[in-house]
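**Student:** Sharing target.csv here; it has CSV, C-alpha atoms and all ligand atoms.
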chain,number,residue,atom,x,y,z
A,7,MET,CA,33.0,63.5,-10.4
A,8,LEU,CA,32.7,61.4,-7.2
A,9,ARG,CA,36.0,62.3,-5.5
A,10,LEU,CA,38.1,59.9,-3.4
A,11,SER,CA,39.5,61.4,-0.1
A,12,ARG,CA,43.2,62.0,0.3
A,13,TYR,CA,43.6,59.0,2.6
A,14,SER,CA,41.7,55.8,2.1
A,15,ILE,CA,42.1,52.2,3.2
A,16,GLY,CA,40.7,49.2,1.4
A,17,VAL,CA,39.2,46.7,3.8
A,18,GLY,CA,38.2,43.2,2.9
A,19,ASP,CA,35.5,41.3,4.8
A,20,ARG,CA,35.3,37.8,3.3
A,21,PHE,CA,32.3,36.7,5.3
A,22,ALA,CA,30.6,40.1,5.6
A,23,HIS,CA,30.7,40.0,9.4
A,24,GLN,CA,33.4,42.5,10.3
A,25,ALA,CA,32.3,45.8,8.8
A,26,ARG,CA,31.5,47.3,12.2
A,27,PRO,CA,34.8,46.5,13.9
A,28,GLN,CA,36.6,47.6,10.8
A,29,LEU,CA,34.7,50.9,10.8
A,30,ARG,CA,35.6,51.4,14.5
A,31,ALA,CA,39.3,51.6,13.4
A,32,PHE,CA,38.5,54.6,11.2
A,33,ILE,CA,36.6,56.2,14.0
A,34,LEU,CA,39.6,55.8,16.2
A,35,ALA,CA,41.7,57.5,13.5
A,36,ALA,CA,39.2,60.4,13.3
A,37,GLY,CA,39.6,60.7,17.0
A,38,GLN,CA,43.3,61.4,16.4
A,39,GLY,CA,42.4,64.0,13.9
A,40,VAL,CA,43.2,61.8,10.8
A,41,ASP,CA,40.6,61.7,8.1
A,42,VAL,CA,40.8,58.3,6.4
A,43,VAL,CA,37.9,56.7,4.6
A,44,PRO,CA,37.0,53.1,4.3
A,45,VAL,CA,36.6,51.4,1.0
A,46,TRP,CA,35.2,47.9,1.3
A,47,ASN,CA,36.7,45.7,-1.4
A,48,LYS,CA,36.1,42.1,-2.4
A,49,SER,CA,37.4,40.8,-5.7
A,50,ASN,CA,35.5,38.7,-8.2
A,51,ARG,CA,37.9,35.8,-7.3
A,52,GLU,CA,36.9,35.9,-3.6
A,53,HIS,CA,33.2,36.2,-4.4
A,54,THR,CA,33.4,33.2,-6.6
A,55,PHE,CA,35.4,31.1,-4.0
A,56,ILE,CA,33.0,32.0,-1.2
A,57,GLY,CA,29.8,32.0,-3.3
A,58,THR,CA,28.7,35.6,-2.5
A,59,GLU,CA,27.4,38.5,-4.5
A,60,PRO,CA,28.9,42.0,-4.6
A,61,VAL,CA,25.7,43.5,-3.1
A,62,SER,CA,26.4,41.7,0.1
A,63,VAL,CA,29.5,43.9,0.6
A,64,ARG,CA,27.5,47.0,0.2
A,65,ASN,CA,24.8,45.8,2.6
A,66,ALA,CA,27.2,44.9,5.3
A,67,ALA,CA,29.0,48.2,4.9
A,68,ALA,CA,25.8,50.3,4.9
A,69,ALA,CA,24.6,48.6,8.1
A,70,ALA,CA,27.9,49.4,9.8
A,71,VAL,CA,27.8,53.0,8.6
A,72,ARG,CA,24.3,53.4,10.0
A,73,ASP,CA,24.9,51.6,13.3
A,74,LEU,CA,28.0,53.6,14.1
A,75,ASN,CA,26.8,56.9,12.7
A,76,TRP,CA,29.6,57.3,10.2
A,77,THR,CA,29.0,60.6,8.4
A,78,LYS,CA,32.2,60.7,6.3
A,79,PRO,CA,32.5,59.1,2.8
A,80,TRP,CA,32.8,55.4,2.3
A,81,HIS,CA,32.9,53.3,-0.8
A,82,VAL,CA,32.5,49.8,-2.2
A,83,ASP,CA,35.2,48.7,-4.6
A,84,ALA,CA,34.7,46.3,-7.5
A,85,ASP,CA,38.2,45.0,-7.0
A,86,HIS,CA,40.2,43.6,-9.9
A,87,ILE,CA,37.3,43.6,-12.4
A,88,ASN,CA,37.5,43.3,-16.2
A,89,LEU,CA,34.9,43.3,-19.0
A,90,ASP,CA,34.0,39.7,-18.3
A,91,THR,CA,33.4,40.1,-14.6
A,92,VAL,CA,32.2,43.7,-14.1
A,93,GLU,CA,28.5,43.1,-14.6
A,94,ARG,CA,27.3,42.1,-11.2
A,95,PHE,CA,29.5,44.8,-9.6
A,96,LEU,CA,28.0,47.7,-11.5
A,97,GLU,CA,25.0,48.4,-9.3
A,98,PRO,CA,26.4,48.0,-5.8
A,99,SER,CA,29.9,49.5,-6.4
A,100,ASP,CA,31.0,53.2,-6.6
A,101,PHE,CA,34.7,52.4,-7.0
A,102,PHE,CA,36.1,50.2,-9.8
A,103,THR,CA,39.6,48.7,-9.9
A,104,ILE,CA,40.1,48.1,-13.5
A,105,ASP,CA,42.6,45.2,-13.8
A,106,VAL,CA,44.5,45.1,-17.0
A,107,ALA,CA,47.6,43.2,-15.9
A,108,HIS,CA,46.7,40.3,-18.3
A,109,PHE,CA,47.1,42.8,-21.2
A,110,ILE,CA,50.6,43.8,-20.3
A,111,GLY,CA,52.9,42.8,-23.1
A,112,LYS,CA,50.1,42.2,-25.6
A,113,PRO,CA,50.9,44.1,-28.9
A,114,ALA,CA,49.0,47.3,-29.7
A,115,ALA,CA,48.3,48.2,-33.3
A,116,SER,CA,51.5,49.7,-34.8
A,117,ALA,CA,49.6,52.8,-36.0
A,118,ASP,CA,48.5,53.4,-32.4
A,119,LEU,CA,52.0,53.0,-31.2
A,120,ASP,CA,53.3,55.5,-33.7
A,121,ALA,CA,50.5,57.9,-32.9
A,122,PHE,CA,51.4,57.7,-29.2
A,123,LEU,CA,55.1,58.5,-29.9
A,124,ASP,CA,54.2,61.4,-32.2
A,125,ARG,CA,51.8,62.8,-29.7
A,126,HIS,CA,54.4,62.7,-26.8
A,127,PRO,CA,57.7,64.2,-27.8
A,128,GLU,CA,58.0,65.4,-24.2
A,129,LEU,CA,58.6,61.8,-23.1
A,130,ILE,CA,61.8,61.5,-25.2
A,131,GLY,CA,65.1,62.9,-24.1
A,132,VAL,CA,66.2,64.1,-20.7
A,133,ILE,CA,63.2,64.5,-18.4
A,134,ALA,CA,63.9,66.3,-15.2
A,135,ILE,CA,61.1,65.9,-12.6
A,136,PRO,CA,61.1,67.7,-9.3
A,137,GLY,CA,61.8,65.2,-6.5
A,138,VAL,CA,63.5,62.7,-8.8
A,139,ALA,CA,67.3,62.9,-8.1
A,140,GLN,CA,68.4,61.5,-11.4
A,141,PRO,CA,66.6,62.8,-14.5
A,142,PHE,CA,65.2,60.1,-16.8
A,143,THR,CA,67.0,59.7,-20.0
A,144,THR,CA,65.0,58.1,-22.8
A,145,THR,CA,65.1,57.6,-26.5
A,146,ARG,CA,62.3,57.1,-29.1
A,147,GLU,CA,63.3,53.4,-29.0
A,148,SER,CA,63.1,53.1,-25.3
A,149,VAL,CA,59.7,54.9,-25.0
A,150,ALA,CA,58.5,52.7,-27.9
A,151,ALA,CA,59.5,49.6,-26.0
A,152,THR,CA,57.7,50.8,-22.9
A,153,ALA,CA,54.6,51.9,-24.8
A,154,GLY,CA,54.8,48.5,-26.7
A,155,THR,CA,54.5,46.8,-23.3
A,156,TYR,CA,51.7,48.8,-21.8
A,157,LEU,CA,49.7,50.5,-24.6
A,158,ALA,CA,47.3,47.6,-25.2
A,159,ALA,CA,46.7,47.3,-21.4
A,160,VAL,CA,45.9,51.0,-21.2
A,161,GLN,CA,43.6,50.8,-24.2
A,162,GLU,CA,41.8,47.9,-22.6
A,163,ALA,CA,41.4,50.0,-19.4
A,164,GLY,CA,39.8,52.6,-21.7
A,165,ARG,CA,37.3,50.1,-23.0
A,166,ILE,CA,36.4,48.9,-19.5
A,167,TYR,CA,36.1,52.5,-18.2
A,168,ARG,CA,33.8,53.5,-21.0
A,169,HIS,CA,31.6,50.5,-20.4
A,170,ILE,CA,31.2,51.4,-16.8
A,171,VAL,CA,30.4,55.1,-17.8
A,172,SER,CA,27.7,53.8,-20.2
A,173,ARG,CA,26.1,52.0,-17.3
A,174,LYS,CA,26.6,54.3,-14.3
A,175,GLY,CA,27.3,57.7,-15.7
A,176,ALA,CA,30.8,59.3,-15.5
A,177,ASP,CA,30.1,61.3,-12.3
A,178,ASN,CA,29.1,58.4,-10.1
A,179,PHE,CA,32.2,56.4,-9.5
A,180,ILE,CA,35.9,56.4,-8.7
A,181,THR,CA,38.3,54.8,-11.1
A,182,GLU,CA,41.5,52.9,-10.2
A,183,VAL,CA,43.7,51.1,-12.7
A,184,SER,CA,45.7,48.1,-11.4
A,185,MET,CA,48.7,46.5,-13.0
A,186,ASP,CA,50.1,44.8,-9.9
A,187,GLU,CA,49.2,41.2,-10.6
A,188,THR,CA,52.1,40.6,-13.0
A,189,ASP,CA,55.7,39.4,-12.9
A,190,ASN,CA,57.7,42.6,-13.4
A,191,PRO,CA,57.5,45.8,-11.4
A,192,GLN,CA,56.9,49.0,-13.3
A,193,THR,CA,59.7,51.5,-13.0
A,194,PRO,CA,59.0,55.2,-12.4
A,195,PRO,CA,59.9,56.1,-16.1
A,196,GLU,CA,57.5,53.4,-17.2
A,197,LEU,CA,54.8,54.8,-14.9
A,198,LEU,CA,55.2,58.1,-16.6
A,199,VAL,CA,54.5,56.6,-20.0
A,200,ILE,CA,51.5,54.7,-18.6
A,201,LEU,CA,50.0,57.8,-17.1
A,202,ALA,CA,50.5,59.7,-20.4
A,203,ALA,CA,48.6,56.9,-22.2
A,204,LEU,CA,45.9,56.8,-19.6
A,205,ALA,CA,45.4,60.5,-20.0
A,206,ASP,CA,45.1,60.0,-23.8
A,207,GLU,CA,42.3,57.5,-23.1
A,208,ARG,CA,40.6,60.2,-21.0
A,209,ILE,CA,40.3,57.9,-18.0
A,210,PRO,CA,40.0,60.2,-14.9
A,211,ILE,CA,42.0,57.8,-12.7
A,212,GLN,CA,42.1,58.8,-9.0
A,213,THR,CA,44.3,55.9,-8.0
A,214,ILE,CA,46.8,53.7,-9.8
A,215,ALA,CA,48.2,50.4,-8.5
A,216,PRO,CA,51.6,49.6,-10.0
A,217,LYS,CA,53.6,46.5,-9.1
A,218,PHE,CA,56.3,47.7,-6.8
A,219,THR,CA,59.7,46.2,-6.4
A,220,GLY,CA,60.0,43.4,-3.8
A,221,ARG,CA,57.5,40.7,-2.7
A,222,PHE,CA,54.1,41.5,-1.3
A,223,ASN,CA,53.2,38.2,0.1
A,224,LYS,CA,49.7,37.8,1.5
A,225,GLY,CA,49.4,38.5,5.2
A,226,VAL,CA,53.1,38.8,6.0
A,227,ASP,CA,55.7,41.6,6.0
A,228,TYR,CA,57.3,43.0,2.9
A,229,VAL,CA,60.3,41.1,1.5
A,230,GLY,CA,62.8,43.2,-0.4
A,231,ASP,CA,65.3,46.0,-0.4
A,232,LEU,CA,63.8,48.8,1.7
A,233,ALA,CA,66.1,51.5,0.4
A,234,GLN,CA,65.2,50.6,-3.2
A,235,PHE,CA,61.5,50.5,-2.4
A,236,THR,CA,61.7,53.9,-0.8
A,237,LEU,CA,63.5,55.4,-3.7
A,238,GLU,CA,61.0,53.9,-6.2
A,239,PHE,CA,58.0,54.9,-4.1
A,240,GLU,CA,59.1,58.5,-3.8
A,241,SER,CA,60.0,58.6,-7.6
A,242,ASP,CA,56.5,57.3,-8.3
A,243,LEU,CA,55.0,60.1,-6.2
A,244,ALA,CA,57.1,62.6,-8.1
A,245,VAL,CA,56.0,61.2,-11.4
A,246,ILE,CA,52.4,61.3,-10.4
A,247,ALA,CA,52.6,65.0,-9.4
A,248,HIS,CA,54.3,65.7,-12.7
A,249,ALA,CA,51.7,63.8,-14.7
A,250,ILE,CA,48.9,65.6,-13.0
A,251,ARG,CA,50.4,68.9,-14.2
A,252,GLN,CA,51.5,67.7,-17.6
A,253,TYR,CA,48.5,65.7,-18.7
A,254,GLY,CA,45.6,67.2,-16.7
A,255,LEU,CA,44.9,64.0,-14.7
A,256,PRO,CA,42.7,64.4,-11.6
A,257,ASP,CA,44.6,66.4,-9.0
A,258,ASN,CA,43.9,63.8,-6.3
A,259,LEU,CA,45.5,61.0,-8.3
A,260,LYS,CA,47.4,58.8,-5.8
A,261,LEU,CA,49.2,55.5,-5.5
A,262,SER,CA,47.3,52.4,-4.5
A,263,VAL,CA,49.3,49.8,-2.6
A,264,HIS,CA,47.8,46.3,-3.2
A,265,SER,CA,48.4,43.4,-0.8
A,266,GLY,CA,49.1,46.3,1.5
A,267,SER,CA,48.2,44.7,4.8
A,268,ASP,CA,50.9,43.6,7.1
A,269,LYS,CA,53.7,45.3,5.1
A,270,PHE,CA,54.9,46.9,8.4
A,271,SER,CA,58.4,47.6,7.3
A,272,ILE,CA,57.3,49.9,4.4
A,273,TYR,CA,54.8,51.9,6.4
A,274,GLU,CA,57.3,54.4,7.9
A,275,PRO,CA,59.0,55.1,4.5
A,276,ILE,CA,55.5,55.6,3.0
A,277,ARG,CA,54.3,57.9,5.9
A,278,LYS,CA,57.5,60.0,5.5
A,279,ALA,CA,57.3,60.2,1.7
A,280,LEU,CA,53.7,61.4,1.4
A,281,PRO,CA,54.1,64.9,2.8
A,282,LYS,CA,57.2,65.5,0.7
A,283,PHE,CA,55.0,65.3,-2.4
A,284,ASN,CA,51.7,66.5,-0.8
A,285,ALA,CA,50.4,63.1,-1.8
A,286,GLY,CA,47.5,61.0,-0.6
A,287,LEU,CA,47.4,57.2,-0.4
A,288,HIS,CA,45.1,54.3,-0.9
A,289,LEU,CA,46.2,51.0,0.7
A,290,LYS,CA,44.4,47.8,0.2
A,291,THR,CA,44.0,45.2,2.9
A,292,ALA,CA,41.8,42.2,2.5
A,293,GLY,CA,42.6,38.8,4.1
A,294,THR,CA,44.2,40.3,7.2
A,295,THR,CA,40.7,40.7,8.6
A,296,TRP,CA,39.8,37.1,8.0
A,297,LEU,CA,43.0,36.1,9.9
A,298,GLU,CA,41.8,38.2,12.8
A,299,GLU,CA,38.5,36.3,12.7
A,300,LEU,CA,40.5,33.1,13.2
A,301,ILE,CA,42.6,34.6,15.9
A,302,GLY,CA,39.4,35.7,17.7
A,303,LEU,CA,38.0,32.2,17.4
A,304,ALA,CA,41.1,30.7,18.8
A,305,GLU,CA,41.3,33.3,21.6
A,306,ALA,CA,37.8,32.5,22.7
A,307,GLY,CA,38.9,28.9,23.4
A,308,GLY,CA,36.5,25.9,23.6
A,309,PRO,CA,34.5,25.3,20.4
A,310,GLY,CA,36.0,28.5,18.7
A,311,LEU,CA,39.5,27.1,19.2
A,312,ALA,CA,38.4,23.7,18.0
A,313,LEU,CA,37.0,25.1,14.8
A,314,ALA,CA,40.1,27.1,14.2
A,315,LYS,CA,42.2,23.9,14.5
A,316,GLU,CA,39.8,22.1,12.2
A,317,ILE,CA,40.3,24.8,9.6
A,318,TYR,CA,44.0,24.5,9.9
A,319,ALA,CA,44.0,20.7,9.5
A,320,GLU,CA,41.9,21.0,6.3
A,321,ALA,CA,44.0,23.8,4.9
A,322,TRP,CA,47.1,21.8,5.6
A,323,GLY,CA,45.6,18.8,3.8
A,324,HIS,CA,44.8,21.0,0.8
A,325,GLY,CA,47.7,23.3,0.9
A,326,GLU,CA,48.8,23.0,-2.7
A,327,GLU,CA,45.4,23.6,-4.3
A,328,LEU,CA,44.6,26.5,-1.9
A,329,CYS,CA,47.9,28.3,-2.7
A,330,LYS,CA,47.7,27.8,-6.5
A,331,PRO,CA,45.6,30.9,-7.4
A,332,TYR,CA,48.0,33.0,-5.2
A,333,ALA,CA,51.3,31.6,-6.4
A,334,SER,CA,53.0,35.0,-7.0
A,335,VAL,CA,52.0,36.3,-3.5
A,336,ILE,CA,52.5,33.3,-1.3
A,337,ASP,CA,55.8,31.8,-0.1
A,338,ILE,CA,55.3,28.8,2.3
A,339,ASP,CA,58.0,26.3,3.3
A,340,PHE,CA,55.6,23.4,3.5
A,341,PRO,CA,57.9,20.8,5.2
A,342,LYS,CA,58.3,23.4,8.0
A,343,LEU,CA,54.6,23.7,8.8
A,344,PRO,CA,53.4,22.0,12.0
A,345,VAL,CA,51.3,18.9,11.3
A,346,PRO,CA,47.6,19.0,12.3
A,347,ALA,CA,48.2,16.5,15.1
A,348,THR,CA,50.6,19.0,16.7
A,349,VAL,CA,48.3,21.9,16.2
A,350,ALA,CA,45.5,19.8,17.7
A,351,GLY,CA,47.3,20.0,21.1
A,352,TRP,CA,47.8,23.8,21.0
A,353,THR,CA,46.4,26.1,23.6
A,354,SER,CA,44.7,29.3,22.7
A,355,GLU,CA,47.9,31.1,23.4
A,356,GLN,CA,49.9,28.9,21.1
A,357,PHE,CA,47.5,29.1,18.3
A,358,THR,CA,47.1,32.9,18.5
A,359,GLY,CA,50.8,33.3,19.0
A,360,ALA,CA,51.6,31.4,15.8
A,361,MET,CA,49.0,33.4,13.8
A,362,ARG,CA,49.2,36.9,15.1
A,363,HIS,CA,51.5,39.1,13.1
A,364,ASP,CA,54.0,39.9,15.8
A,365,ALA,CA,57.4,38.9,14.6
A,366,THR,CA,58.9,39.5,18.1
A,367,ASN,CA,56.8,36.7,19.5
A,368,PRO,CA,58.8,33.4,19.4
A,369,LEU,CA,55.6,31.5,18.7
A,370,TYR,CA,54.9,33.5,15.5
A,371,ASP,CA,54.9,31.3,12.4
A,372,LYS,CA,54.6,33.0,9.0
A,373,GLY,CA,54.0,29.7,7.3
A,374,VAL,CA,51.0,29.0,9.4
A,375,ARG,CA,49.8,32.5,8.8
A,376,GLN,CA,50.1,32.4,5.1
A,377,LEU,CA,48.5,28.9,4.8
A,378,LEU,CA,45.5,30.1,6.8
A,379,HIS,CA,45.4,33.3,4.8
A,380,VAL,CA,44.4,31.3,1.7
A,381,GLY,CA,42.4,28.8,3.8
A,382,PHE,CA,39.2,30.9,3.8
A,383,LYS,CA,37.7,28.5,1.3
A,384,ILE,CA,37.6,25.8,4.0
A,385,ALA,CA,35.6,28.1,6.2
A,386,ALA,CA,33.3,29.0,3.3
A,387,LYS,CA,32.6,25.3,2.8
A,388,MET,CA,31.6,25.0,6.5
A,389,GLY,CA,28.8,27.5,5.8
A,390,ASP,CA,26.5,28.2,8.8
A,391,ARG,CA,28.7,26.2,11.1
A,392,TYR,CA,31.4,28.8,10.6
A,393,LEU,CA,29.1,31.8,10.5
A,394,ASN,CA,27.4,30.8,13.7
A,395,MET,CA,30.7,30.5,15.4
A,396,LEU,CA,31.6,34.0,14.3
A,397,ASP,CA,28.5,35.2,16.1
A,398,ALA,CA,29.3,33.1,19.2
A,399,CYS,CA,32.8,34.6,19.4
A,400,GLU,CA,31.9,38.1,18.4
A,401,GLU,CA,33.6,39.9,21.3
A,402,SER,CA,37.1,38.5,20.9
A,403,ILE,CA,36.9,38.7,17.1
A,404,SER,CA,35.7,42.3,17.0
A,405,ARG,CA,38.4,43.4,19.4
A,406,ASN,CA,41.1,41.7,17.3
A,407,VAL,CA,39.8,43.1,14.0
A,408,THR,CA,39.7,46.7,15.2
A,409,PHE,CA,43.1,46.4,17.0
A,410,ASN,CA,44.8,45.0,13.9
A,411,LEU,CA,43.4,47.6,11.5
A,412,TYR,CA,44.0,50.6,13.7
A,413,ASN,CA,47.1,49.8,15.7
A,414,ARG,CA,49.1,47.7,13.2
A,415,HIS,CA,47.9,49.5,10.0
A,416,ILE,CA,46.3,52.9,10.1
A,417,ARG,CA,48.4,54.2,13.0
A,418,PRO,CA,51.9,53.4,11.7
A,419,LEU,CA,50.9,54.3,8.2
A,420,LEU,CA,49.2,57.7,8.7
A,421,ILE,CA,49.7,58.8,12.2
A,422,GLY,CA,53.1,57.5,13.5
A,423,ALA,CA,54.0,55.4,16.5
B,501,ZN,ZN,45.8,43.8,-6.5
Reformat the file's structure so that it appears as structure tokens.

**Tutor:**
Amino acid sequence: MLRLSRYSIGVGDRFAHQARPQLRAFILAAGQGVDVVPVWNKSNREHTFIGTEPVSVRNAAAAAVRDLNWTKPWHVDADHINLDTVERFLEPSDFFTIDVAHFIGKPAASADLDAFLDRHPELIGVIAIPGVAQPFTTTRESVAATAGTYLAAVQEAGRIYRHIVSRKGADNFITEVSMDETDNPQTPPELLVILAALADERIPIQTIAPKFTGRFNKGVDYVGDLAQFTLEFESDLAVIAHAIRQYGLPDNLKLSVHSGSDKFSIYEPIRKALPKFNAGLHLKTAGTTWLEELIGLAEAGGPGLALAKEIYAEAWGHGEELCKPYASVIDIDFPKLPVPATVAGWTSEQFTGAMRHDATNPLYDKGVRQLLHVGFKIAAKMGDRYLNMLDACEESISRNVTFNLYNRHIRPLLIGA
């Protein structure tokens, strides 16, 4: 089976121009003795909005790998696919994020539910798991309720997995199952039930993306109770280690943190938790790189800055419709956003100060940052005018993309300050 390395970071590259500066961040990490592999991800949603095909992600990544002589693994993730959307991802992808969030809460056949409960008496009663302070206490009814919520979703994951196997062969891809795009977080006892069911479906999952407690808004820091997150994250790691032993799941199974970019306040708790459980990590970033493109344009001044301001003005004018598909991961106070006429007068320093994710800078404006995060559709509509400006401002953009990924993400997450 194609095996995912212990540490991996998902990188998004909306306009297929930043694979090289992204890869440089991984080379910097390797220089510090940390092996972390890049996984280029772009969801069906982003491909559809921008009008690109999944093969473009592979081509851009392959070119960067060749140009920079990267000899370690790298992957292309068919991010958030389902049976309806997987087709065009099959050939260029070797990593599949099977998204079954929409099936959470759908009823499974009652015979399947009964069979699950009969097969898993070990899930009922007092379950002591090393690394979990308080043993889980469950009843047949409580496990039935959890299985009732998640069994149909897991069965759907099985259908999608087997479809991919029939087309690619079981040994040629990495499987992730995601349940993050839903309203309620999954608790550690629920995760245990889900993993048991995934093992029953014989899905060799190497990463699983639950929804964690707290808000994972796009492009900004984590919002929530840090102590509670840490407890939940560590319990999840303990549950995974337990499920690997109990159910024979792949021994490199690890958590995948979606919308993981810019969640600076949880990186230290994550970094400290991993060695306690001898665990790996996959963290997905995506739009943070597109924001660095804009920062690079603005930093370049002149026509680059002018284009960045134009994108802001358009995004401001279409704020509601741009935010709609991201409602659960965006939190903008619209009346507080600066009006385009104000932004039109900004210097490079003011524009980059508002956008760059540095909360200690008084110019930082998380509303501006979130609005522009969903504003990539505006740039997509500009077509070559936008792409040509990326080429013209390559130096400042590359520098910002690499710095952001390495210094703000990989380093605090896996290396330490
Ligand atoms: Zn996700």

**Student:** Taking 3 positions as the minimum chain separation for residues in the same chain, which residues sit within 10 Å of Arg51 in chain A when counting all atoms listed in the file? Answer as a ChimeraX atom specification.

**Tutor:** /A:48,54-57,85-87,91,331

**Student:** Counting all atoms listed in the file, figure out which residue out of A:Ile276, A:Ala247, A:Ala292, A:Ala159 gets nearest to ligand ZN 501 (chain B).

**Tutor:**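 Of A:Ile276, A:Ala247, A:Ala292, A:Ala159, the one nearest ligand ZN 501 (chain B), counting all atoms listed in the file, is A:Ala292.
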
**Student:** Pick out the residues no farther than 8 Å from ligand ZN 501 (chain B), counting only C-alpha atoms and all ligand atoms, and list them as a ChimeraX atom specification.

**Tutor:** /A:85-86,184-187,215,263-265,290

**Student:** Generate the output file for the selected residues, C-alpha atoms, as an mmCIF file, in the coordinates of the input.

**Tutor:**
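The resulting file, out_3.cif, is shown below:
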data_model
loop_
_atom_site.group_PDB
_atom_site.id
_atom_site.type_symbol
_atom_site.label_atom_id
_atom_site.label_comp_id
_atom_site.auth_asym_id
_atom_site.auth_seq_id
_atom_site.Cartn_x
_atom_site.Cartn_y
_atom_site.Cartn_z
ATOM 1 C CA ASP A 85 38.200 45.000 -7.000
ATOM 2 C CA HIS A 86 40.200 43.600 -9.900
ATOM 3 C CA SER A 184 45.700 48.100 -11.400
ATOM 4 C CA MET A 185 48.700 46.500 -13.000
ATOM 5 C CA ASP A 186 50.100 44.800 -9.900
ATOM 6 C CA GLU A 187 49.200 41.200 -10.600
ATOM 7 C CA ALA A 215 48.200 50.400 -8.500
ATOM 8 C CA VAL A 263 49.300 49.800 -2.600
ATOM 9 C CA HIS A 264 47.800 46.300 -3.200
ATOM 10 C CA SER A 265 48.400 43.400 -0.800
ATOM 11 C CA LYS A 290 44.400 47.800 0.200
#

**Student:** Near range 146-153 of chain A, within 12 Å and counting all atoms listed in the file, which residues show up once chain neighbours fewer than 5 positions away are dropped, as JSON, numbers by chain?

**Tutor:** {"A": [110, 111, 112, 113, 114, 115, 116, 118, 119, 120, 121, 122, 123, 124, 125, 126, 127, 128, 129, 130, 131, 132, 158, 159, 160, 161, 192, 193, 194, 195, 196, 197, 198, 199, 200, 201, 202, 203, 204]}

**Student:** With C-alpha atoms retained, could you export that selection as a PDB file, in the frame of the given file?

**Tutor:**
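The resulting file, part.pdb, is reproduced below:
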ATOM      1  CA  ILE A 110      50.600  43.800 -20.300  1.00  0.00           C
ATOM      2  CA  GLY A 111      52.900  42.800 -23.100  1.00  0.00           C
ATOM      3  CA  LYS A 112      50.100  42.200 -25.600  1.00  0.00           C
ATOM      4  CA  PRO A 113      50.900  44.100 -28.900  1.00  0.00           C
ATOM      5  CA  ALA A 114      49.000  47.300 -29.700  1.00  0.00           C
ATOM      6  CA  ALA A 115      48.300  48.200 -33.300  1.00  0.00           C
ATOM      7  CA  SER A 116      51.500  49.700 -34.800  1.00  0.00           C
ATOM      8  CA  ASP A 118      48.500  53.400 -32.400  1.00  0.00           C
ATOM      9  CA  LEU A 119      52.000  53.000 -31.200  1.00  0.00           C
ATOM     10  CA  ASP A 120      53.300  55.500 -33.700  1.00  0.00           C
ATOM     11  CA  ALA A 121      50.500  57.900 -32.900  1.00  0.00           C
ATOM     12  CA  PHE A 122      51.400  57.700 -29.200  1.00  0.00           C
ATOM     13  CA  LEU A 123      55.100  58.500 -29.900  1.00  0.00           C
ATOM     14  CA  ASP A 124      54.200  61.400 -32.200  1.00  0.00           C
ATOM     15  CA  ARG A 125      51.800  62.800 -29.700  1.00  0.00           C
ATOM     16  CA  HIS A 126      54.400  62.700 -26.800  1.00  0.00           C
ATOM     17  CA  PRO A 127      57.700  64.200 -27.800  1.00  0.00           C
ATOM     18  CA  GLU A 128      58.000  65.400 -24.200  1.00  0.00           C
ATOM     19  CA  LEU A 129      58.600  61.800 -23.100  1.00  0.00           C
ATOM     20  CA  ILE A 130      61.800  61.500 -25.200  1.00  0.00           C
ATOM     21  CA  GLY A 131      65.100  62.900 -24.100  1.00  0.00           C
ATOM     22  CA  VAL A 132      66.200  64.100 -20.700  1.00  0.00           C
ATOM     23  CA  ALA A 158      47.300  47.600 -25.200  1.00  0.00           C
ATOM     24  CA  ALA A 159      46.700  47.300 -21.400  1.00  0.00           C
ATOM     25  CA  VAL A 160      45.900  51.000 -21.200  1.00  0.00           C
ATOM     26  CA  GLN A 161      43.600  50.800 -24.200  1.00  0.00           C
ATOM     27  CA  GLN A 192      56.900  49.000 -13.300  1.00  0.00           C
ATOM     28  CA  THR A 193      59.700  51.500 -13.000  1.00  0.00           C
ATOM     29  CA  PRO A 194      59.000  55.200 -12.400  1.00  0.00           C
ATOM     30  CA  PRO A 195      59.900  56.100 -16.100  1.00  0.00           C
ATOM     31  CA  GLU A 196      57.500  53.400 -17.200  1.00  0.00           C
ATOM     32  CA  LEU A 197      54.800  54.800 -14.900  1.00  0.00           C
ATOM     33  CA  LEU A 198      55.200  58.100 -16.600  1.00  0.00           C
ATOM     34  CA  VAL A 199      54.500  56.600 -20.000  1.00  0.00           C
ATOM     35  CA  ILE A 200      51.500  54.700 -18.600  1.00  0.00           C
ATOM     36  CA  LEU A 201      50.000  57.800 -17.100  1.00  0.00           C
ATOM     37  CA  ALA A 202      50.500  59.700 -20.400  1.00  0.00           C
ATOM     38  CA  ALA A 203      48.600  56.900 -22.200  1.00  0.00           C
ATOM     39  CA  LEU A 204      45.900  56.800 -19.600  1.00  0.00           C
TER      40      LEU A 204
END

**Student:** Between A:Glu299, A:Asp73, A:Asp227, A:Asp339, which has the minimum distance to Glu401 in chain A (counting all atoms listed in the file)?

**Tutor:**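 Once distances to Glu401 in chain A are computed over all atoms listed in the file, the minimum belongs to A:Glu299.
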
**Student:** Could you tell me how far CA of Ala176 in chain A sits from CA of Glu93 in chain A, in Å to one decimal place?

**Tutor:**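 CA of Glu93 in chain A sits 16.4 Å away from CA of Ala176 in chain A.
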
**Student:** So how far away is CA of Pro98 in chain A from CA of Val61 in chain A, in Å?

**Tutor:** 5.3 Å

**Student:** When you look at range 17-20 of chain A with a cut-off of 7 Å (counting all atoms listed in the file), what residues show up, excluding the ones that are within fewer than 4 positions of it in the same chain? I need them as a PyMOL selection string.

**Tutor:** chain A and resi 24-25+44-48+290-293+295-296
